[in-house]
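Participant: My structure is stored as structure-v2.csv, with CSV, C-alpha atoms.
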chain,number,residue,atom,x,y,z
A,141,MET,CA,133.7,188.3,50.2
A,142,ASN,CA,130.9,190.7,51.2
A,143,ILE,CA,127.5,189.6,50.0
A,144,GLY,CA,124.4,191.7,49.4
A,145,VAL,CA,121.1,189.8,49.1
A,146,LEU,CA,118.1,191.2,47.2
A,147,VAL,CA,114.7,189.9,48.4
A,148,SER,CA,111.0,190.5,47.9
A,149,GLY,CA,109.3,188.1,50.2
A,150,GLY,CA,109.7,185.5,52.9
A,151,GLY,CA,113.4,185.1,52.4
A,152,THR,CA,113.7,181.3,52.4
A,153,ASN,CA,116.7,181.4,50.0
A,154,LEU,CA,118.2,184.1,52.2
A,155,GLN,CA,117.8,181.7,55.1
A,156,ALA,CA,119.5,178.9,53.1
A,157,ILE,CA,122.5,181.2,52.5
A,158,LEU,CA,122.6,182.2,56.2
A,159,ASP,CA,122.4,178.6,57.3
A,160,ALA,CA,125.2,177.7,54.8
A,161,CYS,CA,127.4,180.4,56.4
A,162,ASP,CA,126.7,178.9,59.8
A,163,SER,CA,127.4,175.3,58.7
A,164,GLY,CA,130.6,176.1,56.7
A,165,ILE,CA,129.2,175.4,53.3
A,166,ILE,CA,129.8,179.1,52.6
A,167,LYS,CA,133.2,179.9,54.2
A,168,SER,CA,134.5,182.5,51.8
A,169,GLY,CA,131.8,185.0,52.1
A,170,LYS,CA,129.4,186.7,54.5
A,171,VAL,CA,126.1,188.5,54.1
A,172,VAL,CA,126.6,192.2,55.0
A,173,THR,CA,123.3,193.6,53.8
A,174,VAL,CA,119.8,192.7,52.7
A,175,VAL,CA,117.8,194.9,50.3
A,176,SER,CA,114.0,194.3,50.0
A,177,SER,CA,111.8,195.7,47.2
A,178,LYS,CA,108.8,195.6,49.7
A,179,ASP,CA,108.1,196.8,53.2
A,180,GLY,CA,107.2,194.3,55.9
A,181,VAL,CA,108.4,191.1,54.4
A,182,TYR,CA,109.6,188.3,56.5
A,183,ALA,CA,113.1,188.3,54.9
A,184,LEU,CA,113.7,191.6,56.7
A,185,GLU,CA,112.9,189.9,60.0
A,186,ARG,CA,115.4,187.2,59.2
A,187,ALA,CA,118.1,189.8,58.6
A,188,ALA,CA,117.2,191.6,61.8
A,189,LYS,CA,117.4,188.4,63.9
A,190,ARG,CA,121.0,188.1,62.6
A,191,GLY,CA,121.9,191.7,63.1
A,192,ILE,CA,122.4,192.2,59.4
A,193,ASN,CA,121.9,195.6,57.9
A,194,SER,CA,118.7,195.8,55.8
A,195,VAL,CA,117.0,198.5,53.8
A,196,VAL,CA,113.8,198.8,51.7
A,197,ILE,CA,114.3,200.2,48.2
A,198,ARG,CA,111.0,200.1,46.2
A,199,ARG,CA,110.9,200.6,42.5
A,200,LYS,CA,107.7,202.6,42.8
A,201,ASP,CA,109.6,205.3,44.7
A,202,TYR,CA,111.7,206.1,41.7
A,203,ASP,CA,110.5,207.9,38.5
A,204,GLU,CA,112.8,205.9,36.3
A,205,PRO,CA,114.1,202.3,36.5
A,206,ALA,CA,117.7,203.7,36.2
A,207,LEU,CA,117.3,205.6,39.4
A,208,PHE,CA,116.1,202.5,41.2
A,209,ASP,CA,119.2,200.6,39.9
A,210,LYS,CA,121.4,203.5,41.0
A,211,ALA,CA,119.9,203.4,44.5
A,212,ILE,CA,120.6,199.7,44.8
A,213,ALA,CA,124.1,200.2,43.4
A,214,ASP,CA,124.9,203.1,45.7
A,215,HIS,CA,123.7,201.1,48.8
A,216,MET,CA,125.7,198.0,47.8
A,217,LYS,CA,128.8,200.1,47.3
A,218,SER,CA,128.3,201.8,50.6
A,219,MET,CA,128.3,198.4,52.2
A,220,ASN,CA,131.4,197.2,50.3
A,221,VAL,CA,129.4,194.5,48.6
A,222,GLU,CA,131.4,192.3,46.2
A,223,LEU,CA,128.7,189.8,45.2
A,224,ILE,CA,124.9,190.5,44.8
A,225,VAL,CA,122.6,187.5,45.2
A,226,MET,CA,119.0,187.8,43.9
A,227,ALA,CA,117.1,185.5,46.2
A,228,GLY,CA,113.4,185.8,45.3
A,229,PHE,CA,113.8,189.4,44.1
A,230,LEU,CA,110.8,190.2,42.0
A,231,SER,CA,112.1,193.3,40.3
A,232,VAL,CA,114.2,193.1,37.1
A,233,VAL,CA,117.5,194.9,37.5
A,234,GLY,CA,118.7,197.1,34.7
A,235,THR,CA,121.9,197.8,32.8
A,236,ASP,CA,123.3,200.3,35.2
A,237,LEU,CA,123.4,197.9,38.1
A,238,ILE,CA,124.7,195.1,35.9
A,239,LYS,CA,127.5,197.4,34.7
A,240,GLU,CA,128.5,198.3,38.3
A,241,TYR,CA,128.7,194.6,39.2
A,242,PRO,CA,129.7,192.7,36.0
A,243,ASN,CA,129.6,188.9,36.6
A,244,LYS,CA,129.0,189.7,40.3
A,245,ILE,CA,125.2,189.4,40.3
A,246,ILE,CA,123.6,185.9,40.5
A,247,ASN,CA,120.0,184.8,40.5
A,248,ILE,CA,118.1,181.6,41.5
A,249,HIS,CA,115.3,180.6,39.1
A,250,PRO,CA,112.9,177.8,40.0
A,251,SER,CA,113.1,175.8,36.7
A,252,LEU,CA,115.8,174.2,34.5
A,253,ILE,CA,116.6,177.1,32.2
A,254,PRO,CA,115.8,177.5,29.3
A,255,SER,CA,112.5,176.0,30.3
A,256,PHE,CA,109.8,178.2,31.9
A,257,CYS,CA,112.0,181.3,32.2
A,258,GLY,CA,112.2,184.9,31.0
A,259,LYS,CA,109.7,187.7,31.3
A,260,GLY,CA,106.6,186.8,33.3
A,261,PHE,CA,108.0,183.6,34.7
A,262,TYR,CA,108.4,184.0,38.5
A,263,GLY,CA,107.1,182.4,41.7
A,264,LEU,CA,104.2,180.0,41.3
A,265,LYS,CA,103.8,180.9,37.6
A,266,VAL,CA,106.8,178.8,36.8
A,267,HIS,CA,105.4,175.8,38.6
A,268,GLU,CA,102.0,176.3,37.1
A,269,ALA,CA,103.5,176.3,33.6
A,270,ALA,CA,105.6,173.2,34.2
A,271,LEU,CA,102.5,171.3,35.4
A,272,GLU,CA,100.3,172.6,32.5
A,273,TYR,CA,103.0,171.5,30.0
A,274,GLY,CA,103.2,168.1,31.6
A,275,VAL,CA,107.0,167.8,32.0
A,276,LYS,CA,108.2,165.0,34.2
A,277,VAL,CA,111.3,166.8,35.5
A,278,THR,CA,111.8,170.4,36.6
A,279,GLY,CA,114.3,171.9,39.0
A,280,ALA,CA,116.3,175.1,39.7
A,281,THR,CA,119.0,177.1,38.1
A,282,VAL,CA,121.6,179.5,39.5
A,283,HIS,CA,122.8,181.9,36.8
A,284,PHE,CA,124.7,185.1,36.3
A,285,VAL,CA,122.4,188.1,35.7
A,286,ASN,CA,122.6,190.0,32.4
A,287,GLU,CA,120.3,192.3,30.5
A,288,ILE,CA,118.0,189.4,29.4
A,289,PRO,CA,115.7,188.1,32.2
A,290,ASP,CA,117.0,184.6,33.1
A,291,GLY,CA,119.4,184.9,30.2
A,292,GLY,CA,122.8,185.0,31.9
A,293,LYS,CA,125.4,182.1,31.9
A,294,ILE,CA,124.3,179.1,33.9
A,295,ILE,CA,126.4,178.3,37.0
A,296,LEU,CA,124.5,175.3,38.5
A,297,GLN,CA,121.3,173.3,37.9
A,298,LYS,CA,119.6,170.6,39.9
A,299,ALA,CA,116.7,168.5,38.6
A,300,VAL,CA,113.6,167.6,40.6
A,301,GLU,CA,111.0,165.0,39.6
A,302,ILE,CA,107.4,166.0,39.3
A,303,GLN,CA,105.1,163.6,41.1
A,304,ASP,CA,101.5,162.6,40.4
A,305,GLY,CA,99.1,164.9,42.2
A,306,ASP,CA,101.6,167.8,42.4
A,307,THR,CA,100.1,171.2,42.7
A,308,PRO,CA,102.0,174.4,42.0
A,309,GLN,CA,102.4,174.8,45.8
A,310,THR,CA,103.7,171.3,46.5
A,311,LEU,CA,106.0,171.5,43.5
A,312,GLN,CA,107.3,174.9,44.6
A,313,LYS,CA,108.1,173.6,48.1
A,314,ARG,CA,109.9,170.5,46.8
A,315,VAL,CA,112.0,172.5,44.2
A,316,MET,CA,113.0,174.8,47.0
A,317,GLU,CA,113.9,172.0,49.4
A,318,GLU,CA,115.6,169.7,46.9
A,319,ALA,CA,117.2,172.1,44.6
A,320,GLU,CA,117.2,175.9,45.4
A,321,TRP,CA,118.4,175.6,49.0
A,322,LYS,CA,121.2,173.3,47.9
A,323,ILE,CA,122.6,174.9,44.7
A,324,LEU,CA,122.3,178.6,45.7
A,325,PRO,CA,124.7,178.3,48.7
A,326,LYS,CA,127.1,176.1,46.6
A,327,ALA,CA,127.2,178.7,43.8
A,328,VAL,CA,127.8,181.5,46.3
A,329,GLU,CA,130.8,179.6,47.8
A,330,MET,CA,132.1,178.8,44.3
A,331,ILE,CA,132.2,182.5,43.4
A,332,CYS,CA,133.4,183.8,46.8
A,333,SER,CA,136.3,181.2,46.8
A,334,GLY,CA,137.3,182.1,43.3
A,335,GLN,CA,136.4,178.8,41.7
A,336,ILE,CA,134.4,180.7,39.2
I need this file expressed as structure tokens, please.
Facilitator:
Amino acid sequence: MNIGVLVSGGGTNLQAILDACDSGIIKSGKVVTVVSSKDGVYALERAAKRGINSVVIRRKDYDEPALFDKAIADHMKSMNVELIVMAGFLSVVGTDLIKEYPNKIINIHPSLIPSFCGKGFYGLKVHEAALEYGVKVTGATVHFVNEIPDGGKIILQKAVEIQDGDTPQTLQKRVMEEAEWKILPKAVEMICSGQI
């Protein structure tokens, strides 16, 4: 299955997917394109090092969100993408893209949904909220994308314990290493192989 990955930053989850393709964890799919919402991010370098097609499609370049979605959809269709993976993509995708790829867009979120999710919860903000609330367990969730931010059907979750002295940065790193980088490739393979 051809995979298109949406990114906005360093691309650590993209790297987890690429590594999983190399190791055989993902054997039923391959990354054919990377779309970034920002110029100059390291995720684009990761794609270039692998010879993977990449483009920058910025929301601010479009007068309407629907045109932004159409640009992404058009690019994905031109690359024959069958599964879209949002891997640290900081723009919310709209109805038009979701209709073009029904149940074929997934996202990784750095908490155990329904905790610390939805509009405004992204990046370090999720981990700051978990620490402020005082929860003892957090984690990551892979879910299908629908019109509600972080509202789609859950595919996989993995818990991560919060440790004394955690900062948002140390917690973010541990959630990535112990949860995100494990369950995202697993979910990709489950979809590409037809298990879901």
Participant: Which residue out of A:Pro308, A:Pro242, A:Thr281, A:Leu264 has the minimum interatomic distance to A:Lys326 when all atoms listed in the file are used?
Facilitator: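 Using all atoms listed in the file, the shortest distance to A:Lys326 belongs to A:Thr281.
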Participant: Taking (121.7, 200.0, 34.2) in the file's coordinates, which residues come within 9 Å, counting only C-alpha atoms, written as a VMD selection string?
Facilitator: chain A and resid 205 to 207 209 to 210 233 to 240 287
Participant: Hey, what's within 9 Å of A:Asn142 if we count all atoms listed in the file and toss same-chain stuff fewer than 3 positions away? As a list in words, please?
Facilitator: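 Counting only the stated atoms, we get Ser168, Gly169, Lys170, Val171, Val172, Thr173, Met219, Asn220, Val221, Glu222, Leu223, Ile224 and Cys332 of chain A.
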Participant: Which residue gives the smallest distance to A:Tyr273 among A:Ala156, A:Asp201, A:Ile302, A:Gly260, with only C-alpha atoms counted?
Facilitator: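 Answer, going by the shortest atom-to-atom distance: A:Ile302.
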Participant: Interatomic distance between atom CA of A:His249 and atom CA of A:Ala280?
Facilitator: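 Spanning atom CA of A:His249 to atom CA of A:Ala280 is a straight-line distance of 5.6 Å.
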Participant: Looking at all atoms listed in the file, which of A:Val300, A:Ala187, A:Ile323, A:Ile165 is the one that sits closest to A:Val277?
Facilitator: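 Under the stated criterion, the closest residue is A:Val300.
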Participant: Would you mind telling me which residue in A:Gly274, A:Gly292, A:Gly164, A:Gly263 lies nearest to A:Val315 when using all atoms listed in the file?
Facilitator: A:Gly263
Participant: In Å, how far is it from atom CA of A:Leu324 to atom CA of A:Asp214?
Facilitator: 24.6 Å
Participant: Measure the distance from atom CA of A:Gln309 to atom CA of A:Ile248 in Å and round it to one decimal.
Facilitator: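 Computed distance, atom CA of A:Gln309 to atom CA of A:Ile248, equals 17.6 Å.
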Participant: Counting only C-alpha atoms, figure out which residue out of A:Ile157, A:Ala211, A:Met226, A:Val147 gets nearest to A:Asp179.
Facilitator: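 For A:Asp179, the nearest of the candidates is A:Val147.
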Participant: Taking all atoms listed in the file into account, name the residue in A:Glu320, A:His267, A:Ile294, A:His215 that is nearest to A:Asp306.
Facilitator: A:His267
Participant: If you count all atoms listed in the file, which residues fall within 7 Å of A:Trp321, apart from same-chain ones fewer than 4 positions away, as a PDB file with C-alpha atoms, in the coordinates of the input?
Facilitator:
ATOM      1  CA  ASN A 153     116.700 181.400  50.000  1.00  0.00           C
ATOM      2  CA  ALA A 156     119.500 178.900  53.100  1.00  0.00           C
ATOM      3  CA  MET A 316     113.000 174.800  47.000  1.00  0.00           C
ATOM      4  CA  GLU A 317     113.900 172.000  49.400  1.00  0.00           C
ATOM      5  CA  PRO A 325     124.700 178.300  48.700  1.00  0.00           C
TER       6      PRO A 325
END
Participant: May I have the residues within 12 Å of A:Gln335 as number ranges by chain, using all atoms listed in the file and disregarding those fewer than 4 positions away in the same chain?
Facilitator: A: 168, 295, 326-331
Participant: Put those residues in a file: C-alpha atoms, as an mmCIF file, in the frame of the given file.
Facilitator:
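Below you can see out_5.cif, which holds the result:
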data_model
loop_
_atom_site.group_PDB
_atom_site.id
_atom_site.type_symbol
_atom_site.label_atom_id
_atom_site.label_comp_id
_atom_site.auth_asym_id
_atom_site.auth_seq_id
_atom_site.Cartn_x
_atom_site.Cartn_y
_atom_site.Cartn_z
ATOM 1 C CA SER A 168 134.500 182.500 51.800
ATOM 2 C CA ILE A 295 126.400 178.300 37.000
ATOM 3 C CA LYS A 326 127.100 176.100 46.600
ATOM 4 C CA ALA A 327 127.200 178.700 43.800
ATOM 5 C CA VAL A 328 127.800 181.500 46.300
ATOM 6 C CA GLU A 329 130.800 179.600 47.800
ATOM 7 C CA MET A 330 132.100 178.800 44.300
ATOM 8 C CA ILE A 331 132.200 182.500 43.400
#
Participant: Taking N, CA and C atoms as the atom set, what does stretch 290-313 of chain A look like once completed, written as a compact mmCIF listing (two decimals), in the coordinates of the input?
Facilitator:
# COMPACT_ATOMS: atom_id res chain seq x y z
N ASP A 290 116.62 186.06 33.04
CA ASP A 290 117.00 184.60 33.10
C ASP A 290 117.91 184.24 31.94
N GLY A 291 118.63 185.21 31.36
CA GLY A 291 119.40 184.90 30.20
C GLY A 291 120.92 184.80 30.41
N GLY A 292 121.39 184.99 31.63
CA GLY A 292 122.80 185.00 31.90
C GLY A 292 123.37 183.54 31.94
N LYS A 293 124.69 183.44 31.92
CA LYS A 293 125.40 182.10 31.90
C LYS A 293 124.98 181.31 33.13
N ILE A 294 124.69 180.05 32.88
CA ILE A 294 124.30 179.10 33.90
C ILE A 294 125.49 178.72 34.77
N ILE A 295 125.31 178.73 36.09
CA ILE A 295 126.40 178.30 37.00
C ILE A 295 126.10 176.88 37.48
N LEU A 296 124.91 176.63 38.03
CA LEU A 296 124.50 175.30 38.50
C LEU A 296 123.06 175.04 38.23
N GLN A 297 122.74 173.77 38.03
CA GLN A 297 121.30 173.30 37.90
C GLN A 297 121.15 172.06 38.70
N LYS A 298 119.92 171.84 39.18
CA LYS A 298 119.60 170.60 39.90
C LYS A 298 118.17 170.21 39.47
N ALA A 299 118.01 168.97 39.06
CA ALA A 299 116.70 168.50 38.60
C ALA A 299 115.88 167.98 39.81
N VAL A 300 114.55 168.10 39.65
CA VAL A 300 113.60 167.60 40.60
C VAL A 300 112.46 166.93 39.87
N GLU A 301 112.12 165.72 40.27
CA GLU A 301 111.00 165.00 39.60
C GLU A 301 109.69 165.55 39.99
N ILE A 302 108.80 165.60 39.00
CA ILE A 302 107.40 166.00 39.30
C ILE A 302 106.64 164.71 39.60
N GLN A 303 105.85 164.79 40.64
CA GLN A 303 105.10 163.60 41.10
C GLN A 303 103.63 163.74 40.77
N ASP A 304 102.98 162.57 40.63
CA ASP A 304 101.50 162.60 40.40
C ASP A 304 100.85 163.30 41.54
N GLY A 305 99.89 164.14 41.19
CA GLY A 305 99.10 164.90 42.20
C GLY A 305 99.80 166.16 42.65
N ASP A 306 100.94 166.50 42.07
CA ASP A 306 101.60 167.80 42.40
C ASP A 306 100.68 168.94 42.11
N THR A 307 100.69 169.92 43.00
CA THR A 307 100.10 171.20 42.70
C THR A 307 101.21 172.21 42.58
N PRO A 308 100.93 173.41 42.09
CA PRO A 308 102.00 174.40 42.00
C PRO A 308 102.67 174.62 43.39
N GLN A 309 101.87 174.57 44.44
CA GLN A 309 102.40 174.80 45.80
C GLN A 309 103.29 173.68 46.27
N THR A 310 102.86 172.43 46.07
CA THR A 310 103.70 171.30 46.50
C THR A 310 104.97 171.22 45.69
N LEU A 311 104.85 171.51 44.41
CA LEU A 311 106.00 171.50 43.50
C LEU A 311 107.01 172.59 43.92
N GLN A 312 106.48 173.78 44.19
CA GLN A 312 107.30 174.90 44.60
C GLN A 312 108.13 174.53 45.85
N LYS A 313 107.46 173.94 46.82
CA LYS A 313 108.10 173.60 48.10
C LYS A 313 109.21 172.54 47.84
